[in-house]
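Engineer: Here you go, entry35.cif (mmCIF, N, CA and C atoms):
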```
data_final
#
loop_
_atom_site.label_atom_id
_atom_site.label_comp_id
_atom_site.auth_asym_id
_atom_site.auth_seq_id
_atom_site.Cartn_x
_atom_site.Cartn_y
_atom_site.Cartn_z
N MET A 266 -57.08 -15.70 2.24
CA MET A 266 -56.60 -14.52 1.59
C MET A 266 -57.24 -14.40 0.20
N PRO A 267 -58.55 -14.48 0.15
CA PRO A 267 -59.23 -14.40 -1.14
C PRO A 267 -58.86 -13.13 -1.89
N GLY A 268 -58.61 -13.26 -3.19
CA GLY A 268 -58.20 -12.12 -4.00
C GLY A 268 -56.70 -11.99 -4.11
N GLY A 269 -55.95 -12.74 -3.29
CA GLY A 269 -54.50 -12.68 -3.30
C GLY A 269 -53.90 -13.91 -3.96
N LEU A 270 -52.61 -13.80 -4.27
CA LEU A 270 -51.87 -14.94 -4.82
C LEU A 270 -50.71 -15.23 -3.90
N PRO A 271 -50.64 -16.36 -3.23
CA PRO A 271 -51.65 -17.42 -3.23
C PRO A 271 -52.86 -17.02 -2.39
N ASP A 272 -53.96 -17.73 -2.58
CA ASP A 272 -55.16 -17.38 -1.81
C ASP A 272 -55.23 -18.14 -0.48
N TRP A 273 -54.27 -19.02 -0.23
CA TRP A 273 -54.13 -19.67 1.08
C TRP A 273 -52.68 -20.12 1.24
N SER A 274 -52.27 -20.36 2.46
CA SER A 274 -50.90 -20.79 2.70
C SER A 274 -50.81 -21.47 4.05
N THR A 275 -49.85 -22.38 4.17
CA THR A 275 -49.56 -22.99 5.47
C THR A 275 -48.26 -22.43 6.05
N GLN A 276 -47.66 -21.43 5.37
CA GLN A 276 -46.42 -20.82 5.86
C GLN A 276 -46.70 -19.94 7.07
N GLN A 277 -45.70 -19.81 7.93
CA GLN A 277 -45.84 -18.96 9.11
C GLN A 277 -45.95 -17.49 8.73
N ASN A 278 -45.18 -17.05 7.74
CA ASN A 278 -45.20 -15.65 7.29
C ASN A 278 -45.34 -15.61 5.77
N PRO A 279 -46.53 -15.89 5.26
CA PRO A 279 -46.68 -15.95 3.81
C PRO A 279 -46.58 -14.56 3.17
N ILE A 280 -46.08 -14.53 1.93
CA ILE A 280 -46.07 -13.30 1.14
C ILE A 280 -47.18 -13.45 0.12
N VAL A 281 -48.12 -12.51 0.13
CA VAL A 281 -49.29 -12.57 -0.74
C VAL A 281 -49.30 -11.36 -1.65
N GLN A 282 -49.56 -11.59 -2.92
CA GLN A 282 -49.59 -10.51 -3.91
C GLN A 282 -51.04 -10.20 -4.27
N TYR A 283 -51.40 -8.92 -4.21
CA TYR A 283 -52.71 -8.45 -4.63
C TYR A 283 -52.52 -7.55 -5.84
N ASN A 284 -53.18 -7.84 -6.94
CA ASN A 284 -53.00 -7.07 -8.17
C ASN A 284 -54.01 -5.95 -8.35
N THR A 285 -55.00 -5.88 -7.47
CA THR A 285 -56.04 -4.87 -7.58
C THR A 285 -56.21 -4.19 -6.23
N ALA A 286 -56.29 -2.86 -6.25
CA ALA A 286 -56.51 -2.12 -5.01
C ALA A 286 -57.86 -2.48 -4.43
N GLY A 287 -57.97 -2.43 -3.11
CA GLY A 287 -59.23 -2.71 -2.44
C GLY A 287 -59.02 -3.23 -1.04
N ASN A 288 -60.11 -3.58 -0.37
CA ASN A 288 -60.07 -4.17 0.96
C ASN A 288 -60.32 -5.66 0.84
N TYR A 289 -59.49 -6.45 1.50
CA TYR A 289 -59.57 -7.89 1.39
C TYR A 289 -59.70 -8.51 2.77
N PRO A 290 -60.47 -9.60 2.87
CA PRO A 290 -60.60 -10.29 4.15
C PRO A 290 -59.38 -11.17 4.41
N VAL A 291 -59.16 -11.48 5.67
CA VAL A 291 -58.10 -12.42 6.03
C VAL A 291 -58.66 -13.34 7.12
N SER A 292 -58.27 -14.59 7.05
CA SER A 292 -58.67 -15.52 8.10
C SER A 292 -57.45 -16.30 8.54
N LEU A 293 -57.47 -16.74 9.77
CA LEU A 293 -56.40 -17.53 10.35
C LEU A 293 -57.04 -18.74 10.98
N THR A 294 -56.59 -19.91 10.58
CA THR A 294 -57.09 -21.16 11.14
C THR A 294 -55.96 -21.81 11.92
N ILE A 295 -56.25 -22.13 13.16
CA ILE A 295 -55.27 -22.74 14.06
C ILE A 295 -55.78 -24.12 14.44
N SER A 296 -54.93 -25.11 14.25
CA SER A 296 -55.32 -26.49 14.58
C SER A 296 -54.26 -27.13 15.46
N ASN A 297 -54.73 -27.89 16.44
CA ASN A 297 -53.84 -28.72 17.25
C ASN A 297 -54.65 -29.92 17.74
N LEU A 298 -54.12 -30.67 18.67
CA LEU A 298 -54.81 -31.86 19.15
C LEU A 298 -56.14 -31.54 19.84
N SER A 299 -56.30 -30.31 20.33
CA SER A 299 -57.53 -29.92 21.01
C SER A 299 -58.64 -29.50 20.04
N GLY A 300 -58.30 -29.29 18.79
CA GLY A 300 -59.33 -28.89 17.82
C GLY A 300 -58.83 -27.80 16.89
N THR A 301 -59.82 -27.14 16.26
CA THR A 301 -59.52 -26.10 15.26
C THR A 301 -60.31 -24.85 15.57
N ASN A 302 -59.66 -23.70 15.48
CA ASN A 302 -60.32 -22.41 15.61
C ASN A 302 -59.99 -21.56 14.39
N THR A 303 -60.99 -20.84 13.89
CA THR A 303 -60.79 -19.95 12.75
C THR A 303 -61.18 -18.54 13.16
N TYR A 304 -60.30 -17.60 12.87
CA TYR A 304 -60.54 -16.19 13.13
C TYR A 304 -60.67 -15.50 11.78
N PHE A 305 -61.73 -14.72 11.60
CA PHE A 305 -62.00 -14.06 10.33
C PHE A 305 -62.06 -12.56 10.54
N LEU A 306 -61.30 -11.82 9.75
CA LEU A 306 -61.29 -10.36 9.82
C LEU A 306 -61.67 -9.81 8.45
N PRO A 307 -62.92 -9.41 8.25
CA PRO A 307 -63.35 -8.91 6.94
C PRO A 307 -62.72 -7.55 6.63
N GLY A 308 -62.19 -7.40 5.41
CA GLY A 308 -61.65 -6.12 4.97
C GLY A 308 -60.45 -5.65 5.75
N ASN A 309 -59.70 -6.56 6.36
CA ASN A 309 -58.58 -6.17 7.20
C ASN A 309 -57.31 -5.81 6.42
N ILE A 310 -57.20 -6.26 5.19
CA ILE A 310 -56.04 -5.91 4.36
C ILE A 310 -56.48 -4.84 3.38
N ASN A 311 -55.83 -3.69 3.43
CA ASN A 311 -56.15 -2.56 2.55
C ASN A 311 -55.01 -2.38 1.57
N VAL A 312 -55.27 -2.63 0.28
CA VAL A 312 -54.25 -2.55 -0.76
C VAL A 312 -54.47 -1.27 -1.56
N LYS A 313 -53.38 -0.48 -1.70
CA LYS A 313 -53.44 0.78 -2.45
C LYS A 313 -52.31 0.79 -3.47
N ASN A 314 -52.45 1.60 -4.51
CA ASN A 314 -51.39 1.86 -5.49
C ASN A 314 -50.76 0.59 -6.05
N CYS A 315 -51.58 -0.28 -6.62
CA CYS A 315 -51.05 -1.49 -7.23
C CYS A 315 -50.38 -1.15 -8.55
N ILE A 316 -49.12 -1.56 -8.69
CA ILE A 316 -48.37 -1.35 -9.93
C ILE A 316 -47.85 -2.71 -10.36
N THR A 317 -48.10 -3.08 -11.59
CA THR A 317 -47.59 -4.34 -12.10
C THR A 317 -46.36 -4.08 -12.94
N GLY A 318 -45.61 -5.13 -13.23
CA GLY A 318 -44.41 -4.97 -14.03
C GLY A 318 -44.75 -4.50 -15.43
N GLU A 319 -44.37 -3.32 -15.77
CA GLU A 319 -44.58 -2.75 -17.08
C GLU A 319 -43.31 -2.02 -17.47
N ASP A 320 -43.13 -1.75 -18.76
CA ASP A 320 -41.95 -1.03 -19.19
C ASP A 320 -41.90 0.38 -18.62
N GLU A 321 -43.03 1.02 -18.49
CA GLU A 321 -43.05 2.36 -17.92
C GLU A 321 -43.96 2.36 -16.71
N THR A 322 -43.55 3.05 -15.67
CA THR A 322 -44.38 3.16 -14.49
C THR A 322 -45.31 4.35 -14.66
N SER A 323 -46.41 4.34 -13.95
CA SER A 323 -47.39 5.39 -14.14
C SER A 323 -47.25 6.55 -13.18
N ALA A 324 -46.59 6.37 -12.04
CA ALA A 324 -46.47 7.47 -11.12
C ALA A 324 -45.20 7.31 -10.31
N PRO A 325 -44.36 8.25 -10.16
CA PRO A 325 -44.43 9.52 -10.85
C PRO A 325 -44.14 9.36 -12.34
N ALA A 326 -44.83 10.13 -13.15
CA ALA A 326 -44.77 9.98 -14.61
C ALA A 326 -43.39 10.27 -15.17
N SER A 327 -42.57 11.00 -14.45
CA SER A 327 -41.27 11.39 -14.96
C SER A 327 -40.18 10.34 -14.72
N ILE A 328 -40.54 9.20 -14.10
CA ILE A 328 -39.55 8.16 -13.82
C ILE A 328 -39.95 6.88 -14.55
N ARG A 329 -38.98 6.27 -15.24
CA ARG A 329 -39.21 5.01 -15.95
C ARG A 329 -38.22 3.97 -15.45
N ILE A 330 -38.70 2.73 -15.32
CA ILE A 330 -37.83 1.59 -15.03
C ILE A 330 -38.06 0.60 -16.16
N TYR A 331 -36.99 0.22 -16.87
CA TYR A 331 -37.14 -0.68 -18.01
C TYR A 331 -35.82 -1.37 -18.29
N PRO A 332 -35.82 -2.53 -18.98
CA PRO A 332 -37.00 -3.35 -19.24
C PRO A 332 -37.45 -4.03 -17.95
N ASN A 333 -38.67 -4.42 -17.92
CA ASN A 333 -39.24 -5.09 -16.75
C ASN A 333 -40.23 -6.12 -17.25
N PRO A 334 -39.88 -7.39 -17.19
CA PRO A 334 -38.76 -8.05 -16.52
C PRO A 334 -37.43 -7.78 -17.23
N PHE A 335 -36.30 -7.99 -16.48
CA PHE A 335 -34.97 -7.80 -17.03
C PHE A 335 -34.14 -9.06 -16.81
N THR A 336 -33.02 -9.14 -17.56
CA THR A 336 -32.14 -10.30 -17.42
C THR A 336 -30.83 -9.91 -16.76
N ASN A 337 -30.06 -9.00 -17.38
CA ASN A 337 -28.75 -8.62 -16.85
C ASN A 337 -28.72 -7.22 -16.26
N ASN A 338 -29.29 -6.25 -16.97
CA ASN A 338 -29.29 -4.86 -16.53
C ASN A 338 -30.67 -4.26 -16.72
N PHE A 339 -30.96 -3.22 -15.95
CA PHE A 339 -32.17 -2.44 -16.17
C PHE A 339 -31.81 -0.98 -15.99
N SER A 340 -32.67 -0.12 -16.51
CA SER A 340 -32.43 1.33 -16.45
C SER A 340 -33.47 2.00 -15.58
N ILE A 341 -33.02 3.01 -14.86
CA ILE A 341 -33.93 3.92 -14.16
C ILE A 341 -33.68 5.28 -14.79
N GLU A 342 -34.72 5.83 -15.40
CA GLU A 342 -34.61 7.10 -16.11
C GLU A 342 -35.42 8.15 -15.35
N ASN A 343 -34.75 9.19 -14.94
CA ASN A 343 -35.38 10.27 -14.19
C ASN A 343 -35.48 11.49 -15.11
N ASN A 344 -36.67 11.77 -15.59
CA ASN A 344 -36.89 12.91 -16.50
C ASN A 344 -37.39 14.15 -15.78
N SER A 345 -37.20 14.19 -14.48
CA SER A 345 -37.60 15.38 -13.72
C SER A 345 -36.33 16.11 -13.27
N PRO A 346 -36.46 17.34 -12.82
CA PRO A 346 -35.28 18.07 -12.33
C PRO A 346 -34.88 17.66 -10.91
N ASN A 347 -35.72 16.86 -10.24
CA ASN A 347 -35.48 16.49 -8.84
C ASN A 347 -34.65 15.22 -8.72
N VAL A 348 -33.88 15.11 -7.65
CA VAL A 348 -33.13 13.90 -7.34
C VAL A 348 -34.11 12.82 -6.89
N VAL A 349 -33.87 11.58 -7.34
CA VAL A 349 -34.68 10.44 -6.94
C VAL A 349 -33.76 9.39 -6.32
N ASN A 350 -34.14 8.87 -5.17
CA ASN A 350 -33.42 7.77 -4.54
C ASN A 350 -34.19 6.49 -4.81
N ALA A 351 -33.49 5.48 -5.29
CA ALA A 351 -34.11 4.17 -5.56
C ALA A 351 -33.52 3.17 -4.58
N ILE A 352 -34.39 2.53 -3.81
CA ILE A 352 -33.97 1.51 -2.85
C ILE A 352 -34.52 0.18 -3.35
N ILE A 353 -33.63 -0.76 -3.66
CA ILE A 353 -34.03 -2.05 -4.19
C ILE A 353 -34.00 -3.06 -3.05
N ARG A 354 -35.16 -3.73 -2.84
CA ARG A 354 -35.30 -4.67 -1.73
C ARG A 354 -35.79 -6.02 -2.22
N THR A 355 -35.45 -7.06 -1.46
CA THR A 355 -36.05 -8.36 -1.67
C THR A 355 -37.47 -8.31 -1.12
N LEU A 356 -38.26 -9.35 -1.37
CA LEU A 356 -39.61 -9.38 -0.82
C LEU A 356 -39.61 -9.49 0.70
N GLN A 357 -38.49 -9.91 1.27
CA GLN A 357 -38.39 -9.99 2.72
C GLN A 357 -37.98 -8.64 3.33
N GLY A 358 -37.76 -7.63 2.47
CA GLY A 358 -37.42 -6.29 2.94
C GLY A 358 -35.94 -6.00 3.07
N VAL A 359 -35.09 -6.95 2.67
CA VAL A 359 -33.64 -6.74 2.76
C VAL A 359 -33.19 -5.80 1.64
N VAL A 360 -32.50 -4.72 2.00
CA VAL A 360 -31.99 -3.77 1.00
C VAL A 360 -30.79 -4.41 0.30
N VAL A 361 -30.87 -4.52 -1.04
CA VAL A 361 -29.78 -5.11 -1.81
C VAL A 361 -28.99 -4.04 -2.58
N GLN A 362 -29.61 -2.89 -2.81
CA GLN A 362 -28.89 -1.82 -3.51
C GLN A 362 -29.65 -0.50 -3.31
N THR A 363 -28.88 0.58 -3.20
CA THR A 363 -29.44 1.92 -3.13
C THR A 363 -28.75 2.77 -4.20
N VAL A 364 -29.56 3.50 -4.97
CA VAL A 364 -29.03 4.30 -6.07
C VAL A 364 -29.64 5.70 -6.00
N GLU A 365 -28.80 6.73 -6.15
CA GLU A 365 -29.29 8.10 -6.25
C GLU A 365 -29.20 8.52 -7.71
N ILE A 366 -30.33 8.98 -8.26
CA ILE A 366 -30.39 9.40 -9.65
C ILE A 366 -30.65 10.90 -9.68
N SER A 367 -29.70 11.64 -10.23
CA SER A 367 -29.85 13.09 -10.33
C SER A 367 -30.97 13.44 -11.28
N GLY A 368 -31.39 14.70 -11.25
CA GLY A 368 -32.41 15.17 -12.17
C GLY A 368 -31.97 15.01 -13.61
N ASN A 369 -32.90 14.58 -14.47
CA ASN A 369 -32.65 14.39 -15.91
C ASN A 369 -31.47 13.46 -16.17
N GLU A 370 -31.40 12.37 -15.41
CA GLU A 370 -30.33 11.40 -15.55
C GLU A 370 -30.91 10.01 -15.78
N LYS A 371 -30.19 9.19 -16.53
CA LYS A 371 -30.54 7.79 -16.74
C LYS A 371 -29.40 6.95 -16.18
N ARG A 372 -29.74 5.99 -15.30
CA ARG A 372 -28.73 5.10 -14.73
C ARG A 372 -29.01 3.68 -15.18
N ILE A 373 -27.97 2.99 -15.62
CA ILE A 373 -28.06 1.58 -15.96
C ILE A 373 -27.59 0.80 -14.74
N ILE A 374 -28.46 -0.05 -14.24
CA ILE A 374 -28.18 -0.80 -13.02
C ILE A 374 -27.83 -2.23 -13.40
N SER A 375 -26.67 -2.68 -12.98
CA SER A 375 -26.25 -4.07 -13.22
C SER A 375 -26.94 -4.97 -12.20
N SER A 376 -27.37 -6.12 -12.66
CA SER A 376 -28.04 -7.06 -11.75
C SER A 376 -27.05 -7.67 -10.77
N GLY A 377 -25.75 -7.59 -11.09
CA GLY A 377 -24.73 -8.09 -10.17
C GLY A 377 -25.04 -9.50 -9.70
N ASN A 378 -25.15 -9.67 -8.40
CA ASN A 378 -25.44 -10.99 -7.86
C ASN A 378 -26.89 -11.12 -7.38
N LEU A 379 -27.80 -10.36 -8.00
CA LEU A 379 -29.22 -10.52 -7.67
C LEU A 379 -29.71 -11.85 -8.21
N ALA A 380 -30.35 -12.63 -7.38
CA ALA A 380 -30.93 -13.90 -7.81
C ALA A 380 -32.16 -13.62 -8.67
N LYS A 381 -32.53 -14.59 -9.48
CA LYS A 381 -33.76 -14.45 -10.25
C LYS A 381 -34.93 -14.38 -9.29
N GLY A 382 -35.91 -13.51 -9.62
CA GLY A 382 -37.07 -13.39 -8.75
C GLY A 382 -37.64 -11.99 -8.77
N LEU A 383 -38.50 -11.72 -7.79
CA LEU A 383 -39.23 -10.47 -7.68
C LEU A 383 -38.55 -9.56 -6.66
N TYR A 384 -38.38 -8.29 -7.03
CA TYR A 384 -37.81 -7.28 -6.15
C TYR A 384 -38.75 -6.09 -6.07
N LEU A 385 -38.60 -5.29 -5.04
CA LEU A 385 -39.38 -4.07 -4.87
C LEU A 385 -38.43 -2.89 -4.96
N VAL A 386 -38.74 -1.94 -5.83
CA VAL A 386 -37.93 -0.73 -5.97
C VAL A 386 -38.74 0.43 -5.42
N GLU A 387 -38.26 1.00 -4.32
CA GLU A 387 -38.92 2.16 -3.74
C GLU A 387 -38.27 3.41 -4.32
N LEU A 388 -39.08 4.24 -4.96
CA LEU A 388 -38.61 5.48 -5.57
C LEU A 388 -39.03 6.64 -4.68
N ILE A 389 -38.05 7.39 -4.20
CA ILE A 389 -38.31 8.49 -3.27
C ILE A 389 -37.77 9.78 -3.86
N SER A 390 -38.67 10.75 -4.02
CA SER A 390 -38.25 12.07 -4.47
C SER A 390 -38.73 13.10 -3.46
N GLU A 391 -38.46 14.34 -3.74
CA GLU A 391 -38.86 15.43 -2.85
C GLU A 391 -40.37 15.46 -2.63
N SER A 392 -41.13 15.07 -3.67
CA SER A 392 -42.58 15.22 -3.59
C SER A 392 -43.37 13.91 -3.63
N SER A 393 -42.70 12.76 -3.80
CA SER A 393 -43.47 11.52 -3.87
C SER A 393 -42.65 10.32 -3.42
N ARG A 394 -43.37 9.25 -3.18
CA ARG A 394 -42.77 7.97 -2.78
C ARG A 394 -43.63 6.88 -3.40
N GLN A 395 -42.99 5.94 -4.08
CA GLN A 395 -43.74 4.87 -4.74
C GLN A 395 -42.89 3.61 -4.78
N THR A 396 -43.55 2.45 -4.72
CA THR A 396 -42.86 1.17 -4.82
C THR A 396 -43.32 0.46 -6.08
N ILE A 397 -42.34 -0.02 -6.85
CA ILE A 397 -42.57 -0.70 -8.12
C ILE A 397 -42.06 -2.13 -8.02
N LYS A 398 -42.79 -3.09 -8.57
CA LYS A 398 -42.30 -4.46 -8.65
C LYS A 398 -41.34 -4.57 -9.82
N LEU A 399 -40.22 -5.25 -9.62
CA LEU A 399 -39.23 -5.46 -10.66
C LEU A 399 -38.87 -6.94 -10.67
N ILE A 400 -38.86 -7.53 -11.86
CA ILE A 400 -38.65 -8.97 -12.00
C ILE A 400 -37.33 -9.23 -12.71
N ARG A 401 -36.49 -10.06 -12.08
CA ARG A 401 -35.28 -10.54 -12.75
C ARG A 401 -35.54 -11.94 -13.24
N GLN A 402 -35.35 -12.14 -14.56
CA GLN A 402 -35.57 -13.46 -15.17
C GLN A 402 -34.28 -14.25 -15.20
#
```
How does the structure come out when it is put into structure tokens?

Structural biologist:
Amino acid sequence: MPGGLPDWSTQQNPIVQYNTAGNYPVSLTISNLSGTNTYFLPGNINVKNCITGEDETSAPASIRIYPNPFTNNFSIENNSPNVVNAIIRTLQGVVVQTVEISGNEKRIISSGNLAKGLYLVELISESSRQTIKLIRQ
């Protein structure tokens, strides 16, 4: 998984982070008592819309998530007239919280029982959909 973090793994279902958009190769090596086989797929992983943890997100420009990283609470600020739905997921895809933010509204989200780590916040509005990384320290 060159270009990703980690760039290799022995896990059955590894989670790999790519910080730059592009096409990345992937290889799978299988070993047993009969020997080793490696399968290589060049450019098989296509990464788009990379967003890193920042105080303000870049798209959609009217929505901010801050602070990022956060400790106890974070805010989602919707400066557009449209309703935005925020779905907060673990890296395994488990939904831990769903929040609807009305137009021109700021919501303070309590971390509640979220463990420290990386979460994905999917922001869905009438005209766009984007996923932002959110870090709880």

Engineer: Calculate how many Å separate atom C of Gln282 of chain A from atom C of Gln362 of chain A, rounding to one decimal.

Structural biologist: 23.5 Å

Engineer: Counting only C-alpha atoms, which residue out of A:Tyr289, A:Tyr283, A:Phe335, A:Phe305 sits closest to Gly382 of chain A?

Structural biologist: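 Residue with the minimum atom-to-atom distance to Gly382 of chain A: A:Phe335.
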
Engineer: Please indicate the distance in Å from atom CA of Gly287 of chain A to atom CA of Arg394 of chain A, rounded to one decimal place.

Structural biologist: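 If I compute the distance from atom CA of Gly287 of chain A to atom CA of Arg394 of chain A, I get 19.6 Å.
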
Engineer: Find the residues around Ser345 of chain A up to 7 Å (all atoms listed in the file counted), leave out those fewer than 5 positions away in its own chain, and share them as a PDB file with N, CA and C atoms, keeping the file's coordinate frame.

Structural biologist:
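Dumped to result.pdb:
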```
ATOM      1  N   SER A 327     -42.570  11.000 -14.450  1.00  0.00           N
ATOM      2  CA  SER A 327     -41.270  11.390 -14.960  1.00  0.00           C
ATOM      3  C   SER A 327     -40.180  10.340 -14.720  1.00  0.00           C
ATOM      4  N   ILE A 328     -40.540   9.200 -14.100  1.00  0.00           N
ATOM      5  CA  ILE A 328     -39.550   8.160 -13.820  1.00  0.00           C
ATOM      6  C   ILE A 328     -39.950   6.880 -14.550  1.00  0.00           C
ATOM      7  N   SER A 367     -29.700  11.640 -10.230  1.00  0.00           N
ATOM      8  CA  SER A 367     -29.850  13.090 -10.330  1.00  0.00           C
ATOM      9  C   SER A 367     -30.970  13.440 -11.280  1.00  0.00           C
ATOM     10  N   GLY A 368     -31.390  14.700 -11.250  1.00  0.00           N
ATOM     11  CA  GLY A 368     -32.410  15.170 -12.170  1.00  0.00           C
ATOM     12  C   GLY A 368     -31.970  15.010 -13.610  1.00  0.00           C
ATOM     13  N   ASN A 369     -32.900  14.580 -14.470  1.00  0.00           N
ATOM     14  CA  ASN A 369     -32.650  14.390 -15.910  1.00  0.00           C
ATOM     15  C   ASN A 369     -31.470  13.460 -16.170  1.00  0.00           C
ATOM     16  N   GLU A 370     -31.400  12.370 -15.410  1.00  0.00           N
ATOM     17  CA  GLU A 370     -30.330  11.400 -15.550  1.00  0.00           C
ATOM     18  C   GLU A 370     -30.910  10.010 -15.780  1.00  0.00           C
TER      19      GLU A 370
END
```

Engineer: For the file shown, what are the residues hit by the PyMOL selection byres ((chain A and resi 353) around 6.5), laid out as a PyMOL selection string?

Structural biologist: chain A and resi 351-352+354-355+359-364+384-387

Engineer: Residues around (-32.0, 3.4, -14.2), cut-off 10 Å, counting only C-alpha atoms - what are they as a PyMOL selection string?

Structural biologist: chain A and resi 328-332+338-343+351+364-366+370-375

Engineer: Please measure the separation of atom C of Thr396 of chain A and atom CA of Pro271 of chain A, giving the value in Å to one decimal.

Structural biologist: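 Separating atom C of Thr396 of chain A from atom CA of Pro271 of chain A is a distance of 19.9 Å.
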
Engineer: What does the PyMOL selection byres (((chain A and resi 393 and name CA) around 12) and name CA) select in this file, as a PyMOL selection string?

Structural biologist: chain A and resi 324-328+347-350+387-392+394-396

Engineer: Based on the selection just made, write N, CA and C atoms of those residues as a PDB file, in the coordinates of the input.

Structural biologist:
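Result saved to part.pdb:
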```
ATOM      1  N   ALA A 324     -46.590   6.370 -12.040  1.00  0.00           N
ATOM      2  CA  ALA A 324     -46.470   7.470 -11.120  1.00  0.00           C
ATOM      3  C   ALA A 324     -45.200   7.310 -10.310  1.00  0.00           C
ATOM      4  N   PRO A 325     -44.360   8.250 -10.160  1.00  0.00           N
ATOM      5  CA  PRO A 325     -44.430   9.520 -10.850  1.00  0.00           C
ATOM      6  C   PRO A 325     -44.140   9.360 -12.340  1.00  0.00           C
ATOM      7  N   ALA A 326     -44.830  10.130 -13.150  1.00  0.00           N
ATOM      8  CA  ALA A 326     -44.770   9.980 -14.610  1.00  0.00           C
ATOM      9  C   ALA A 326     -43.390  10.270 -15.170  1.00  0.00           C
ATOM     10  N   SER A 327     -42.570  11.000 -14.450  1.00  0.00           N
ATOM     11  CA  SER A 327     -41.270  11.390 -14.960  1.00  0.00           C
ATOM     12  C   SER A 327     -40.180  10.340 -14.720  1.00  0.00           C
ATOM     13  N   ILE A 328     -40.540   9.200 -14.100  1.00  0.00           N
ATOM     14  CA  ILE A 328     -39.550   8.160 -13.820  1.00  0.00           C
ATOM     15  C   ILE A 328     -39.950   6.880 -14.550  1.00  0.00           C
ATOM     16  N   ASN A 347     -35.720  16.860 -10.240  1.00  0.00           N
ATOM     17  CA  ASN A 347     -35.480  16.490  -8.840  1.00  0.00           C
ATOM     18  C   ASN A 347     -34.650  15.220  -8.720  1.00  0.00           C
ATOM     19  N   VAL A 348     -33.880  15.110  -7.650  1.00  0.00           N
ATOM     20  CA  VAL A 348     -33.130  13.900  -7.340  1.00  0.00           C
ATOM     21  C   VAL A 348     -34.110  12.820  -6.890  1.00  0.00           C
ATOM     22  N   VAL A 349     -33.870  11.580  -7.340  1.00  0.00           N
ATOM     23  CA  VAL A 349     -34.680  10.440  -6.940  1.00  0.00           C
ATOM     24  C   VAL A 349     -33.760   9.390  -6.320  1.00  0.00           C
ATOM     25  N   ASN A 350     -34.140   8.870  -5.170  1.00  0.00           N
ATOM     26  CA  ASN A 350     -33.420   7.770  -4.540  1.00  0.00           C
ATOM     27  C   ASN A 350     -34.190   6.490  -4.810  1.00  0.00           C
ATOM     28  N   GLU A 387     -38.260   1.000  -4.320  1.00  0.00           N
ATOM     29  CA  GLU A 387     -38.920   2.160  -3.740  1.00  0.00           C
ATOM     30  C   GLU A 387     -38.270   3.410  -4.320  1.00  0.00           C
ATOM     31  N   LEU A 388     -39.080   4.240  -4.960  1.00  0.00           N
ATOM     32  CA  LEU A 388     -38.610   5.480  -5.570  1.00  0.00           C
ATOM     33  C   LEU A 388     -39.030   6.640  -4.680  1.00  0.00           C
ATOM     34  N   ILE A 389     -38.050   7.390  -4.200  1.00  0.00           N
ATOM     35  CA  ILE A 389     -38.310   8.490  -3.270  1.00  0.00           C
ATOM     36  C   ILE A 389     -37.770   9.780  -3.860  1.00  0.00           C
ATOM     37  N   SER A 390     -38.670  10.750  -4.020  1.00  0.00           N
ATOM     38  CA  SER A 390     -38.250  12.070  -4.470  1.00  0.00           C
ATOM     39  C   SER A 390     -38.730  13.100  -3.460  1.00  0.00           C
ATOM     40  N   GLU A 391     -38.460  14.340  -3.740  1.00  0.00           N
ATOM     41  CA  GLU A 391     -38.860  15.430  -2.850  1.00  0.00           C
ATOM     42  C   GLU A 391     -40.370  15.460  -2.630  1.00  0.00           C
ATOM     43  N   SER A 392     -41.130  15.070  -3.670  1.00  0.00           N
ATOM     44  CA  SER A 392     -42.580  15.220  -3.590  1.00  0.00           C
ATOM     45  C   SER A 392     -43.370  13.910  -3.630  1.00  0.00           C
ATOM     46  N   ARG A 394     -43.370   9.250  -3.180  1.00  0.00           N
ATOM     47  CA  ARG A 394     -42.770   7.970  -2.780  1.00  0.00           C
ATOM     48  C   ARG A 394     -43.630   6.880  -3.400  1.00  0.00           C
ATOM     49  N   GLN A 395     -42.990   5.940  -4.080  1.00  0.00           N
ATOM     50  CA  GLN A 395     -43.740   4.870  -4.740  1.00  0.00           C
ATOM     51  C   GLN A 395     -42.890   3.610  -4.780  1.00  0.00           C
ATOM     52  N   THR A 396     -43.550   2.450  -4.720  1.00  0.00           N
ATOM     53  CA  THR A 396     -42.860   1.170  -4.820  1.00  0.00           C
ATOM     54  C   THR A 396     -43.320   0.460  -6.080  1.00  0.00           C
TER      55      THR A 396
END
```

Engineer: Extending 8 Å beyond the listed atoms of segment 346-354 of chain A on each side, what axis-aligned box results? I want centre and edge lengths in Å to one decimal, as AutoDock Vina command-line options.

Structural biologist:
```
--center_x -34.8 --center_y 6.0 --center_z -7.3 --size_x 19.3 --size_y 40.1 --size_z 27.1
```

Engineer: DSSP on the backbone, strand (DSSP E or B) only: what residues of chain A does that give? Format it as a ChimeraX atom specification.

Structural biologist: /A:270,282,287-297,300-312,328-331,335,338-343,349-355,360-366,370-375,382-389,394-401

Engineer: Please provide as a ChimeraX atom specification all residues within 12 Å of Asp272 of chain A, with the sequence filter that same-chain residues fewer than 4 positions apart are discarded (counting only C-alpha atoms).

Structural biologist: /A:266-268,279-283,289-292

Engineer: Quick one: apply the PyMOL selection byres ((chain A and resi 334) around 6) to the file and drop the selected residues here as a compact mmCIF listing (two decimals) with N, CA and C atoms, in the coordinates of the input.

Structural biologist:
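Result file expr-v3.txt:
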```txt
# COMPACT_ATOMS: atom_id res chain seq x y z
N GLY A 318 -45.61 -5.13 -13.23
CA GLY A 318 -44.41 -4.97 -14.03
C GLY A 318 -44.75 -4.50 -15.43
N PRO A 332 -35.82 -2.53 -18.98
CA PRO A 332 -37.00 -3.35 -19.24
C PRO A 332 -37.45 -4.03 -17.95
N ASN A 333 -38.67 -4.42 -17.92
CA ASN A 333 -39.24 -5.09 -16.75
C ASN A 333 -40.23 -6.12 -17.25
N PHE A 335 -36.30 -7.99 -16.48
CA PHE A 335 -34.97 -7.80 -17.03
C PHE A 335 -34.14 -9.06 -16.81
N THR A 336 -33.02 -9.14 -17.56
CA THR A 336 -32.14 -10.30 -17.42
C THR A 336 -30.83 -9.91 -16.76
N LEU A 399 -40.22 -5.25 -9.62
CA LEU A 399 -39.23 -5.46 -10.66
C LEU A 399 -38.87 -6.94 -10.67
N ILE A 400 -38.86 -7.53 -11.86
CA ILE A 400 -38.65 -8.97 -12.00
C ILE A 400 -37.33 -9.23 -12.71
N ARG A 401 -36.49 -10.06 -12.08
CA ARG A 401 -35.28 -10.54 -12.75
C ARG A 401 -35.54 -11.94 -13.24
N GLN A 402 -35.35 -12.14 -14.56
CA GLN A 402 -35.57 -13.46 -15.17
C GLN A 402 -34.28 -14.25 -15.20
```
